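**Student:** I am sharing model23.txt, which consists of compact mmCIF, C-alpha atoms:
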```txt
# COMPACT_ATOMS: atom_id res chain seq x y z
CA MET A 745 -246.07 22.97 -70.25
CA LYS A 746 -243.34 25.48 -70.90
CA THR A 747 -242.69 25.84 -67.16
CA GLN A 748 -242.43 22.05 -66.77
CA SER A 749 -240.02 21.88 -69.70
CA VAL A 750 -237.82 24.58 -68.19
CA THR A 751 -237.86 22.83 -64.81
CA PHE A 752 -236.94 19.49 -66.40
CA THR A 753 -234.09 21.16 -68.31
CA ARG A 754 -232.75 22.69 -65.11
CA ILE A 755 -232.92 19.34 -63.32
CA ARG A 756 -231.04 17.70 -66.17
CA GLN A 757 -228.41 20.47 -66.05
CA ARG A 758 -227.97 20.02 -62.31
CA LEU A 759 -227.71 16.26 -62.67
CA HIS A 760 -225.13 16.76 -65.40
CA ARG A 761 -223.10 19.12 -63.20
CA TRP A 762 -223.30 16.75 -60.24
CA THR A 763 -222.31 13.81 -62.42
CA LEU A 764 -219.42 15.79 -63.88
CA ALA A 765 -218.32 16.87 -60.40
CA GLY A 766 -218.55 13.27 -59.17
CA VAL A 767 -216.54 11.92 -62.08
CA THR A 768 -213.98 14.69 -61.66
CA PHE A 769 -213.67 13.87 -57.94
CA LEU A 770 -213.18 10.18 -58.67
CA VAL A 771 -210.58 10.92 -61.37
CA VAL A 772 -208.69 13.29 -59.06
CA LEU A 773 -208.88 10.77 -56.22
CA GLY A 774 -207.65 8.02 -58.54
CA LEU A 775 -204.76 10.13 -59.73
CA LEU A 776 -203.93 11.05 -56.15
CA LEU A 777 -203.95 7.39 -55.15
CA ALA A 778 -201.77 6.53 -58.12
CA VAL A 779 -199.30 9.28 -57.25
CA LEU A 780 -199.16 8.35 -53.57
CA ALA A 781 -198.78 4.69 -54.49
CA ALA A 782 -196.05 5.26 -57.05
CA LEU A 783 -194.03 8.07 -55.47
CA PRO A 784 -192.76 6.13 -52.42
CA ALA A 785 -191.37 3.48 -54.77
CA LEU A 786 -189.97 5.89 -57.36
CA SER A 787 -188.75 8.56 -54.93
CA PRO A 788 -189.27 7.99 -51.20
CA GLY A 789 -188.14 11.52 -50.38
CA ILE A 790 -190.59 13.20 -52.75
CA GLY A 791 -193.38 10.87 -51.65
CA ALA A 792 -192.84 11.77 -47.98
CA SER A 793 -192.69 15.48 -48.81
CA VAL A 794 -195.92 15.37 -50.85
CA ALA A 795 -197.74 13.55 -48.03
CA ASP A 796 -196.58 16.11 -45.45
CA LYS A 797 -197.68 19.03 -47.64
CA LEU A 798 -201.07 17.45 -48.28
CA ARG A 799 -201.61 17.02 -44.53
CA ALA A 800 -200.98 20.74 -44.04
CA VAL A 801 -203.58 21.58 -46.74
CA VAL A 802 -206.42 19.05 -46.30
CA GLY A 803 -205.65 17.70 -42.83
CA PRO A 804 -204.13 14.43 -41.59
CA ASP A 805 -207.35 12.37 -41.58
CA LEU A 806 -208.08 12.62 -45.30
CA VAL A 807 -204.44 12.01 -46.23
CA ALA A 808 -204.41 9.00 -43.90
CA GLN A 809 -207.39 7.52 -45.73
CA VAL A 810 -205.75 8.15 -49.10
CA GLU A 811 -202.45 6.65 -47.90
CA SER A 812 -204.23 3.57 -46.57
CA ALA A 813 -205.89 3.07 -49.95
CA SER A 814 -202.57 3.53 -51.75
CA PHE A 815 -200.88 1.00 -49.46
CA ARG A 816 -203.57 -1.53 -50.30
CA ILE A 817 -202.91 -0.91 -53.98
CA GLN A 818 -199.17 -1.40 -53.41
CA ASP A 819 -199.89 -4.62 -51.53
CA VAL A 820 -201.81 -6.02 -54.51
CA PHE A 821 -198.97 -4.95 -56.81
CA ASN A 822 -196.36 -6.56 -54.53
CA ARG A 823 -198.25 -9.85 -54.51
CA LEU A 824 -198.40 -9.82 -58.31
CA ARG A 825 -194.75 -8.81 -58.63
CA PHE A 826 -193.72 -11.65 -56.32
CA ARG A 827 -195.49 -14.18 -58.52
CA LEU A 828 -194.17 -12.77 -61.78
CA THR A 829 -190.54 -12.57 -60.61
CA GLY A 830 -190.41 -16.13 -59.38
CA GLY A 831 -190.37 -15.32 -55.68
CA ARG A 832 -187.80 -12.53 -55.67
CA PRO A 833 -187.90 -10.83 -52.21
CA GLN A 834 -188.37 -7.10 -51.76
CA ILE A 835 -185.23 -6.42 -49.74
CA THR A 836 -181.56 -7.18 -50.40
CA TRP A 837 -178.42 -6.61 -48.38
CA ALA A 838 -176.52 -3.57 -49.60
CA ASP A 839 -172.94 -4.69 -48.96
CA THR A 840 -171.21 -5.91 -52.10
CA GLU A 841 -167.95 -7.37 -50.85
CA PRO A 842 -168.70 -9.76 -47.98
CA VAL A 843 -165.97 -11.68 -46.23
CA GLU A 844 -166.52 -15.39 -46.79
CA LEU A 845 -166.60 -17.30 -43.50
CA PRO A 846 -166.42 -21.09 -43.02
CA PRO A 847 -169.80 -22.72 -42.38
CA THR A 848 -170.40 -24.26 -38.97
CA PRO A 849 -173.68 -25.55 -37.56
CA VAL A 850 -175.66 -23.36 -35.19
CA PRO A 851 -177.36 -25.42 -32.48
CA GLU A 852 -181.13 -25.21 -32.13
CA ILE A 853 -181.76 -23.50 -28.80
CA ARG A 854 -185.38 -23.72 -27.73
CA GLY A 855 -186.93 -22.26 -24.64
CA PRO A 856 -189.86 -20.16 -23.46
CA ASP A 857 -188.46 -17.04 -25.12
CA ALA A 858 -187.37 -18.64 -28.39
CA GLN A 859 -189.76 -18.43 -31.32
CA VAL A 860 -190.09 -20.80 -34.26
CA SER A 861 -188.54 -19.07 -37.24
CA THR A 862 -190.27 -19.08 -40.61
CA GLN A 863 -186.90 -18.70 -42.33
CA GLY A 864 -187.19 -22.29 -43.52
CA ALA A 865 -189.69 -21.21 -46.16
CA LEU A 866 -186.88 -19.42 -47.99
CA MET A 867 -184.72 -22.41 -48.77
CA ASP A 868 -183.41 -20.91 -52.00
CA ILE A 869 -181.83 -17.97 -50.21
CA GLN A 870 -180.71 -19.63 -46.98
CA PRO A 871 -177.53 -18.26 -45.42
CA ARG A 872 -174.63 -20.40 -44.43
CA ALA A 873 -174.43 -20.67 -40.66
CA ILE A 874 -171.28 -19.28 -39.11
CA SER A 875 -169.93 -19.19 -35.60
CA GLN A 876 -168.32 -16.18 -33.98
CA PRO A 877 -167.65 -15.86 -30.24
CA GLY A 878 -169.97 -13.72 -28.17
CA VAL A 879 -172.54 -12.82 -30.83
CA VAL A 880 -173.68 -15.36 -33.36
CA ASP A 881 -174.26 -18.37 -31.12
CA ALA A 882 -176.06 -16.43 -28.38
CA PRO A 883 -179.71 -17.42 -27.87
CA PRO A 884 -182.29 -17.32 -29.26
CA SER A 885 -181.22 -19.27 -32.30
CA ILE A 886 -182.71 -18.67 -35.73
CA ALA A 887 -182.91 -21.22 -38.51
CA GLY A 888 -179.97 -20.55 -40.80
CA GLY A 889 -178.06 -18.77 -38.05
CA TRP A 890 -177.24 -15.25 -37.00
CA GLN A 891 -174.34 -13.93 -39.03
CA ALA A 892 -171.85 -11.29 -38.01
CA PHE A 893 -171.45 -8.03 -39.92
CA GLY A 894 -170.24 -4.49 -39.46
CA PRO A 895 -167.10 -3.12 -37.81
CA LEU A 896 -165.21 -5.40 -35.43
CA VAL A 897 -164.22 -4.44 -31.89
CA SER A 898 -160.94 -5.96 -30.72
CA GLY A 899 -161.25 -8.41 -33.60
CA THR A 900 -164.71 -9.54 -32.49
CA PRO A 901 -168.08 -8.75 -34.09
CA VAL A 902 -170.55 -6.93 -31.88
CA MET A 903 -173.43 -7.02 -34.35
CA ALA A 904 -175.21 -9.85 -36.13
CA ARG A 905 -178.04 -9.85 -38.63
CA VAL A 906 -180.53 -12.19 -40.26
CA SER A 907 -183.66 -12.02 -42.37
CA VAL A 908 -186.95 -13.47 -41.17
CA GLN A 909 -190.33 -14.01 -42.79
CA PRO A 910 -192.77 -12.75 -40.14
CA ASP A 911 -195.96 -12.85 -42.23
CA ARG A 912 -197.08 -16.27 -43.49
CA THR A 913 -199.55 -14.64 -45.90
CA ARG A 914 -196.85 -12.56 -47.63
CA ALA A 915 -193.79 -14.64 -48.48
CA TYR A 916 -192.09 -11.61 -50.07
CA ALA A 917 -192.39 -9.49 -46.91
CA LEU A 918 -189.01 -10.17 -45.31
CA ALA A 919 -187.72 -8.23 -42.34
CA ALA A 920 -184.05 -7.53 -41.71
CA VAL A 921 -183.18 -8.03 -38.04
CA VAL A 922 -180.01 -6.67 -36.43
CA ARG A 923 -178.77 -7.66 -32.99
CA ILE A 924 -176.30 -5.42 -31.16
CA ASP A 925 -174.33 -6.60 -28.13
CA LEU A 926 -174.92 -3.90 -25.50
CA SER A 927 -172.22 -5.36 -23.26
CA GLN A 928 -169.62 -4.13 -25.76
CA THR A 929 -171.34 -1.02 -27.13
CA ARG A 930 -173.02 2.21 -26.06
CA LEU A 931 -176.30 3.57 -27.44
CA PHE A 932 -176.98 7.31 -27.79
CA ILE A 933 -179.96 9.39 -28.90
CA VAL A 934 -179.93 12.62 -30.93
CA PRO A 935 -182.88 15.00 -31.53
CA GLY A 936 -183.34 16.15 -35.11
CA THR A 937 -182.95 19.75 -36.20
CA VAL A 938 -186.77 19.99 -36.27
CA GLU A 939 -188.36 16.84 -34.84
CA PRO A 940 -189.66 16.13 -32.40
CA VAL A 941 -190.96 19.69 -32.04
CA ALA A 942 -190.50 20.69 -28.40
CA ALA A 943 -193.47 21.20 -26.09
CA LYS A 944 -194.46 24.75 -25.28
CA GLY A 945 -192.36 26.03 -22.40
CA ALA A 946 -189.59 23.47 -22.87
CA PRO A 947 -186.11 24.87 -22.14
CA SER A 948 -183.93 25.73 -25.11
CA PHE A 949 -181.34 23.15 -26.08
CA ASN A 950 -178.79 22.46 -28.79
CA ARG A 951 -180.07 20.38 -31.70
CA PRO A 952 -177.53 20.12 -34.55
CA GLY A 953 -179.16 16.88 -35.76
CA THR A 954 -175.86 15.10 -36.34
CA ILE A 955 -173.60 12.61 -34.65
CA PRO A 956 -171.17 14.83 -32.68
CA PRO A 957 -168.07 15.66 -34.76
CA GLU A 958 -165.76 14.37 -32.03
CA VAL A 959 -167.50 10.99 -32.21
CA GLN A 960 -167.24 10.91 -36.00
CA VAL A 961 -163.43 11.16 -35.81
CA SER A 962 -162.97 9.06 -32.68
CA GLY A 963 -162.81 5.67 -34.38
CA THR A 964 -165.52 4.37 -32.03
CA LEU A 965 -168.59 4.95 -34.24
CA LEU A 966 -170.27 1.69 -35.28
CA ALA A 967 -173.83 2.24 -36.48
CA ALA A 968 -176.91 4.47 -36.44
CA PHE A 969 -180.63 4.04 -37.07
CA ASN A 970 -183.86 6.02 -37.26
CA GLY A 971 -185.93 7.32 -34.38
CA GLY A 972 -189.69 7.66 -33.95
CA PHE A 973 -192.71 9.67 -35.04
CA LYS A 974 -193.00 13.42 -35.48
CA ALA A 975 -194.39 15.24 -32.45
CA ILE A 976 -197.70 15.91 -34.21
CA HIS A 977 -198.26 12.16 -34.57
CA GLY A 978 -198.80 11.25 -30.94
CA GLY A 979 -196.73 13.77 -28.99
CA TYR A 980 -194.66 10.96 -27.49
CA GLY A 981 -192.14 11.87 -24.80
CA MET A 982 -188.47 12.53 -25.36
CA ARG A 983 -185.68 13.62 -23.05
CA VAL A 984 -182.04 14.19 -24.04
CA ASP A 985 -179.11 15.17 -21.80
CA GLY A 986 -181.45 15.93 -18.94
CA VAL A 987 -183.68 18.24 -21.03
CA THR A 988 -187.32 17.18 -21.45
CA ILE A 989 -188.31 17.98 -25.04
CA LEU A 990 -191.74 16.36 -24.69
CA PRO A 991 -193.14 15.03 -21.38
CA PRO A 992 -193.62 11.26 -21.07
CA LYS A 993 -197.01 9.58 -21.52
CA GLU A 994 -198.22 6.96 -19.07
CA GLY A 995 -198.18 3.39 -20.33
CA ILE A 996 -196.34 4.20 -23.59
CA ALA A 997 -193.36 2.17 -24.82
CA THR A 998 -190.16 3.87 -23.66
CA LEU A 999 -186.51 3.28 -24.56
CA ALA A 1000 -184.62 4.66 -21.56
CA PHE A 1001 -180.96 5.67 -21.10
CA TYR A 1002 -179.25 5.76 -17.70
CA ARG A 1003 -176.24 7.53 -16.26
CA ASP A 1004 -174.20 4.32 -16.05
CA GLY A 1005 -174.64 3.74 -19.80
CA SER A 1006 -177.28 1.04 -19.49
CA VAL A 1007 -180.40 0.92 -21.67
CA ARG A 1008 -183.84 -0.42 -20.77
CA LEU A 1009 -187.17 -0.73 -22.56
CA GLY A 1010 -190.67 -1.00 -21.13
CA ALA A 1011 -193.87 0.88 -20.41
CA TRP A 1012 -193.63 4.29 -18.76
CA GLY A 1013 -194.92 4.14 -15.19
CA ARG A 1014 -194.25 0.39 -14.92
CA GLU A 1015 -190.80 -0.81 -16.08
CA ILE A 1016 -189.60 2.76 -16.70
CA THR A 1017 -190.13 5.54 -14.17
CA ALA A 1018 -188.62 8.96 -13.50
CA THR A 1019 -185.45 8.38 -11.46
CA ASN A 1020 -182.38 10.47 -10.73
CA ASP A 1021 -180.19 8.35 -12.98
CA LEU A 1022 -182.54 8.51 -15.99
CA ILE A 1023 -180.88 10.97 -18.38
CA ALA A 1024 -182.71 10.34 -21.66
CA TYR A 1025 -185.66 8.50 -23.15
CA ARG A 1026 -187.67 8.17 -26.35
CA GLN A 1027 -191.30 7.05 -26.45
CA ASN A 1028 -193.21 5.83 -29.49
CA CYS A 1029 -196.62 4.14 -29.40
CA PRO A 1030 -197.68 1.32 -27.03
CA LEU A 1031 -195.44 -1.70 -26.52
CA LEU A 1032 -195.35 -4.10 -29.47
CA LEU A 1033 -193.96 -6.87 -27.27
CA ASP A 1034 -194.76 -6.92 -23.58
CA ALA A 1035 -192.84 -9.52 -21.57
CA GLY A 1036 -192.33 -11.57 -24.73
CA GLN A 1037 -195.96 -11.48 -25.85
CA VAL A 1038 -197.34 -9.67 -28.90
CA ASN A 1039 -199.71 -6.86 -27.92
CA PRO A 1040 -203.21 -8.15 -28.82
CA SER A 1041 -204.22 -4.71 -30.14
CA VAL A 1042 -201.94 -5.01 -33.19
CA ASN A 1043 -204.87 -6.34 -35.23
CA ASP A 1044 -207.59 -3.89 -34.22
CA GLY A 1045 -207.39 -1.98 -37.53
CA SER A 1046 -206.81 1.34 -35.79
CA ARG A 1047 -204.38 4.05 -36.77
CA LYS A 1048 -204.35 5.72 -33.34
CA GLU A 1049 -201.98 3.30 -31.66
CA TRP A 1050 -199.12 2.50 -34.03
CA GLY A 1051 -200.00 4.63 -37.04
CA TYR A 1052 -201.38 8.16 -36.85
CA THR A 1053 -200.83 8.29 -40.62
CA VAL A 1054 -201.59 4.66 -41.54
CA LYS A 1055 -203.62 1.86 -39.99
CA ASN A 1056 -202.22 -1.10 -38.08
CA LEU A 1057 -203.13 -3.51 -40.88
CA ASP A 1058 -201.64 -1.36 -43.66
CA THR A 1059 -198.48 -2.82 -45.20
CA THR A 1060 -195.59 -0.39 -45.54
CA TRP A 1061 -191.99 0.07 -44.45
CA ARG A 1062 -191.87 -0.24 -40.66
CA SER A 1063 -189.06 -0.31 -38.13
CA GLY A 1064 -188.85 -1.19 -34.48
CA VAL A 1065 -186.46 -1.80 -31.62
CA GLY A 1066 -186.44 -4.26 -28.76
CA ILE A 1067 -184.31 -5.58 -25.91
CA SER A 1068 -183.64 -9.19 -24.99
CA ARG A 1069 -184.91 -10.52 -21.68
CA ASP A 1070 -181.45 -10.48 -20.12
CA GLY A 1071 -180.84 -6.92 -21.36
CA ARG A 1072 -177.72 -7.88 -23.29
CA PHE A 1073 -178.94 -7.42 -26.86
CA LEU A 1074 -180.61 -4.52 -28.60
CA ILE A 1075 -182.68 -5.80 -31.52
CA TYR A 1076 -183.57 -3.61 -34.52
CA ALA A 1077 -185.96 -4.78 -37.23
CA ALA A 1078 -187.07 -3.18 -40.50
CA GLY A 1079 -188.68 -4.19 -43.75
CA ASN A 1080 -191.22 -3.42 -46.44
CA SER A 1081 -194.82 -4.71 -46.66
CA LEU A 1082 -194.99 -5.10 -42.88
CA THR A 1083 -198.10 -4.72 -40.75
CA VAL A 1084 -197.81 -3.82 -37.08
CA GLU A 1085 -198.27 -7.49 -36.22
CA SER A 1086 -195.60 -8.77 -38.62
CA LEU A 1087 -193.13 -6.17 -37.28
CA ALA A 1088 -193.86 -7.45 -33.78
CA HIS A 1089 -193.25 -11.05 -34.89
CA ALA A 1090 -189.95 -10.07 -36.54
CA LEU A 1091 -188.73 -8.52 -33.29
CA GLN A 1092 -190.00 -11.51 -31.33
CA GLU A 1093 -188.10 -13.91 -33.60
CA GLY A 1094 -185.00 -11.78 -33.06
CA GLY A 1095 -185.20 -12.38 -29.32
CA ALA A 1096 -186.84 -9.17 -28.11
CA TYR A 1097 -188.69 -9.42 -24.79
CA TYR A 1098 -189.90 -5.83 -24.81
CA ALA A 1099 -190.22 -3.96 -28.11
CA MET A 1100 -191.56 -0.74 -29.59
CA GLN A 1101 -192.26 0.51 -33.10
CA LEU A 1102 -190.05 3.29 -34.42
CA ASP A 1103 -190.68 5.32 -37.58
CA ILE A 1104 -192.52 3.97 -40.62
CA ASN A 1105 -192.64 4.60 -44.40
CA GLY A 1106 -189.76 4.08 -46.80
CA TYR A 1107 -188.05 7.45 -46.48
CA TYR A 1108 -187.71 7.33 -42.70
CA THR A 1109 -186.67 3.71 -42.10
CA ARG A 1110 -182.86 3.70 -42.03
CA PHE A 1111 -180.00 1.68 -40.55
CA VAL A 1112 -176.33 2.21 -41.40
CA THR A 1113 -172.93 1.04 -40.27
CA TYR A 1114 -169.81 3.15 -40.71
CA ALA A 1115 -166.59 2.52 -42.63
CA PRO A 1116 -163.52 4.80 -42.72
CA LEU A 1117 -162.95 7.16 -45.64
CA LYS A 1118 -159.66 8.05 -47.24
CA ALA A 1119 -157.62 10.92 -45.82
CA GLY A 1120 -158.66 14.32 -47.12
CA SER A 1121 -162.38 13.56 -47.24
CA ARG A 1122 -164.82 15.94 -45.60
CA TYR A 1123 -165.96 13.19 -43.25
CA SER A 1124 -163.80 10.64 -41.48
CA VAL A 1125 -166.34 7.85 -42.00
CA GLU A 1126 -168.90 6.83 -44.59
CA ALA A 1127 -172.37 5.43 -43.98
CA VAL A 1128 -172.98 1.93 -45.35
CA LYS A 1129 -176.70 1.20 -45.46
CA LEU A 1130 -178.09 -2.11 -44.32
CA LEU A 1131 -180.44 -2.69 -47.27
CA ASP A 1132 -180.25 -1.59 -50.88
CA GLN A 1133 -183.81 -0.28 -50.65
CA MET A 1134 -183.20 2.02 -47.67
CA SER A 1135 -183.02 5.77 -48.25
CA ALA A 1136 -179.58 6.51 -46.94
CA GLY A 1137 -176.67 8.40 -48.45
CA SER A 1138 -172.97 8.24 -47.66
CA THR A 1139 -173.30 11.02 -45.06
CA GLN A 1140 -176.31 9.56 -43.24
CA PHE A 1141 -176.58 11.10 -39.74
CA LEU A 1142 -173.16 12.77 -40.25
CA SER A 1143 -174.79 15.94 -41.61
CA PRO A 1144 -177.86 17.74 -40.19
CA TYR A 1145 -180.99 15.58 -40.21
CA ASP A 1146 -184.44 16.92 -39.31
CA ARG A 1147 -185.59 13.83 -37.36
CA ASP A 1148 -184.27 12.15 -34.23
CA PHE A 1149 -182.10 9.06 -34.42
CA PHE A 1150 -179.86 6.73 -32.43
CA TYR A 1151 -176.19 5.90 -32.85
CA VAL A 1152 -173.95 3.17 -31.47
CA THR A 1153 -170.30 3.34 -30.38
CA THR A 1154 -167.85 1.04 -28.70
CA VAL A 1155 -167.68 1.23 -24.92
CA PRO A 1156 -164.91 3.52 -23.58
CA GLN A 1157 -162.68 0.61 -22.54
CA ALA A 1158 -163.05 -1.22 -25.86
CA SER A 1159 -160.05 -0.97 -28.14
CA GLY A 1160 -158.59 -2.55 -31.23
CA ARG A 1161 -161.57 -1.96 -33.46
CA THR A 1162 -160.96 -3.04 -37.01
CA THR A 1163 -162.77 -1.89 -40.10
CA ALA A 1164 -163.36 -5.26 -41.72
CA GLN A 1165 -166.91 -5.73 -42.93
CA MET A 1166 -168.30 -9.22 -42.44
CA GLY A 1167 -171.18 -10.26 -44.68
CA MET A 1168 -173.72 -13.04 -45.04
CA LYS A 1169 -176.04 -14.49 -47.65
CA ASP A 1170 -179.54 -14.95 -46.19
CA LEU A 1171 -180.70 -12.06 -48.38
CA PRO A 1172 -179.59 -11.77 -52.00
CA ARG A 1173 -177.35 -8.93 -53.10
CA ASN A 1174 -177.99 -7.00 -56.29
```
Translate this structure into structure tokens?
**Tutor:**
Amino acid sequence: MKTQSVTFTRIRQRLHRWTLAGVTFLVVLGLLLAVLAALPALSPGIGASVADKLRAVVGPDLVAQVESASFRIQDVFNRLRFRLTGGRPQITWADTEPVELPPTPVPEIRGPDAQVSTQGALMDIQPRAISQPGVVDAPPSIAGGWQAFGPLVSGTPVMARVSVQPDRTRAYALAAVVRIDLSQTRLFIVPGTVEPVAAKGAPSFNRPGTIPPEVQVSGTLLAAFNGGFKAIHGGYGMRVDGVTILPPKEGIATLAFYRDGSVRLGAWGREITATNDLIAYRQNCPLLLDAGQVNPSVNDGSRKEWGYTVKNLDTTWRSGVGISRDGRFLIYAAGNSLTVESLAHALQEGGAYYAMQLDINGYYTRFVTYAPLKAGSRYSVEAVKLLDQMSAGSTQFLSPYDRDFFYVTTVPQASGRTTAQMGMKDLPRN
């Protein structure tokens, strides 16, 4: 009897220890989820840093699972917040002193490449349609109208923007879409001071991680926006100034730069191939839009195609870039609470024929235009972020940045740029 009593006591002790260990694990996991869910909202920089450090300690797979769970928690919170705030959207334009422009109707242009906009669901924050030559009235049209913003070139806007609602199940999940006229601008790519990490055996190259100083003072700088994933998250190809940092991957979405200044987007090995005039490229995931159609794999729930840290169906900050069918317009889209599919629809609404995802998560999704600073400042221009919620300071991309990015200038023959900032009202301003 004594032996049975001792055995029963030991079993109870073990069960107690296992129960305590299980409860402790669940508490720690809950706290970790709470931290990962709250940090991106409270401090995107700290949240990104904590996630990176956790990956180095426990591996990317476990952190990916935790992040996915935290994103689901955030999604529930965002739905509740949207109801409690009376439909207040998550993103707002950052400019505070827009130039008022007279309203003019924008014709409805419908064709095989035009998509039906869901902007009509946001009647309380509709923009006033405006008309500016060369940009705003170019197809495809969007309900409410494209509206010009950013620096002018020879008195004419070369960029336009609009908000769209690409996810019918999440009315608060707006995406900001920017359209850049490539016929009047030039696009450039810059590797970060660290990312993407070069492949073994790659030749050495200069990587200051900034817009070149001579460009900063030239008066031609218009805008800049984020690049793609870290090398560890897919190892996607990149080439800059004739130096291959990472070799290209077959079939992967590729934004390509050519010697004549032209830009193309497509799949490597099909639309984009290695040619003598190809001087730079950046790959990132499979195509989101392929010949105007959304990639059917956007809903497969994977994290190996457009995630590597989060799954395709997870809602988070996402960004992407596309090119119109005629090659004239570069389209950039970004927003919070976006899935891979809703990002694809935002780019599709913006007129992209081919499109690729860029970086994701709040700290890495950035778009800025540039305004001149007063004489005597350290920099000749100041970054003006697109959205209030974007993590971007006044020296964005003007000082060393660890990740790759793109910047936009006027074409060499363009002159007469003005610094007027033109605004619009399809998103509220704080």
**Student:** Sorted by chain and rising residue number, which residues of range 1106-1150 of chain A lie within 12 Å of range 1064-1075 of chain A, and what are their closest atom pairs and distances in Å to one decimal, counting all atoms listed in the file, as JSON lines?
**Tutor:**
```
{"residue": "A:Tyr1108", "atom": "CA", "partner": "A:Gly1064", "partner_atom": "CA", "distance": 11.9}
{"residue": "A:Thr1109", "atom": "CA", "partner": "A:Gly1064", "partner_atom": "CA", "distance": 9.3}
{"residue": "A:Arg1110", "atom": "CA", "partner": "A:Gly1064", "partner_atom": "CA", "distance": 10.8}
{"residue": "A:Phe1111", "atom": "CA", "partner": "A:Gly1064", "partner_atom": "CA", "distance": 11.1}
{"residue": "A:Phe1150", "atom": "CA", "partner": "A:Val1065", "partner_atom": "CA", "distance": 10.8}
```
**Student:** I'd like the neighbourhood of range 1010-1021 of chain A as a ChimeraX atom specification, where a residue qualifies if any of its atoms comes within 12 Å (using only C-alpha atoms), though same-chain residues fewer than 5 positions away should be ignored.
**Tutor:** /A:980-983,985-986,988,991-1005,1026-1036,1065-1069,1071,1096-1100
**Student:** Select, from A:Thr1113, A:Gly1106, A:Gly830, A:Ala1127, the residue with the minimum atom-to-atom distance to Val902 in chain A, counting all atoms listed in the file.
**Tutor:**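 Closest to Val902 in chain A of all the choices is A:Thr1113.
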**Student:** Restricting the calculation to only C-alpha atoms: of A:Pro957, A:Gly1094, A:Pro1040, A:Pro1144, which residue gets closest to Ile924 in chain A?
**Tutor:**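 Under the stated criterion, the closest residue is A:Gly1094.
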**Student:** Can you pull out every residue within 12 Å of Leu990 in chain A, counting all atoms listed in the file, but drop anything in the same chain fewer than 6 positions away, and send it as a ChimeraX atom specification?
**Tutor:** /A:935,939-947,974-976,978-984,1024-1028
**Student:** Calculated over all atoms listed in the file, which of the candidates A:Gln891, A:Thr1153, A:Gln1140, A:Thr900 has the smallest distance to Arg923 in chain A?
**Tutor:** A:Gln891
**Student:** Between CA of Ala1119 in chain A and CA of Ala1136 in chain A, measure the distance and give it in Å to one decimal.
**Tutor:**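 Answer for the CA of Ala1119 in chain A to CA of Ala1136 in chain A separation: 22.4 Å.
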**Student:** Tell me which of A:Leu1082, A:Met903, A:Leu1131, A:Leu759 sits closest to Ala917 in chain A, counting all atoms listed in the file.
**Tutor:** A:Leu1082
**Student:** With distances taken over all atoms listed in the file, which residue among A:Phe1149, A:Trp762, A:Phe893, A:Tyr916 lies nearest Asn1080 in chain A?
**Tutor:** A:Tyr916
**Student:** Pick out the residues sitting within 10 Å of Pro956 in chain A, and hand them over as a list in words; count all atoms listed in the file, and ignore anything fewer than 6 positions along from it in its own chain.
**Tutor:** Val934, Phe1141, Leu1142 and Ser1143 of chain A
**Student:** For Thr964 in chain A, which of A:Ser1063, A:Gln818, A:Ser1041, A:Thr1154 is the closest residue, counting only C-alpha atoms?
**Tutor:** A:Thr1154
**Student:** For a test of reading the model, state the distance in Å between CA of Asn970 in chain A and CA of Ser1081 in chain A, rounded to one decimal.
**Tutor:**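 Here the two named atoms are 18.0 Å from each other.
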**Student:** Tell me, in Å to one decimal, how far CA of Val961 in chain A is from CA of Asp839 in chain A.
**Tutor:**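 Atom-to-atom, CA of Val961 in chain A to CA of Asp839 in chain A, that is 22.7 Å.
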**Student:** Could you work out an axis-aligned box for range 985-1001 of chain A, taking every atom the file lists and adding 5 Å on each side, and report centre and edge lengths in Å to one decimal, as AutoDock Vina command-line options?
**Tutor:**
```
--center_x -188.7 --center_y 10.2 --center_z -22.0 --size_x 29.1 --size_y 26.1 --size_z 16.1
```
**Student:** Excluding Gly1079 in chain A and any residue of its chain fewer than 3 positions from it, enumerate the residues within 6 Å of it, using only C-alpha atoms, and give them as number ranges by chain.
**Tutor:** A: 919, 1061-1062
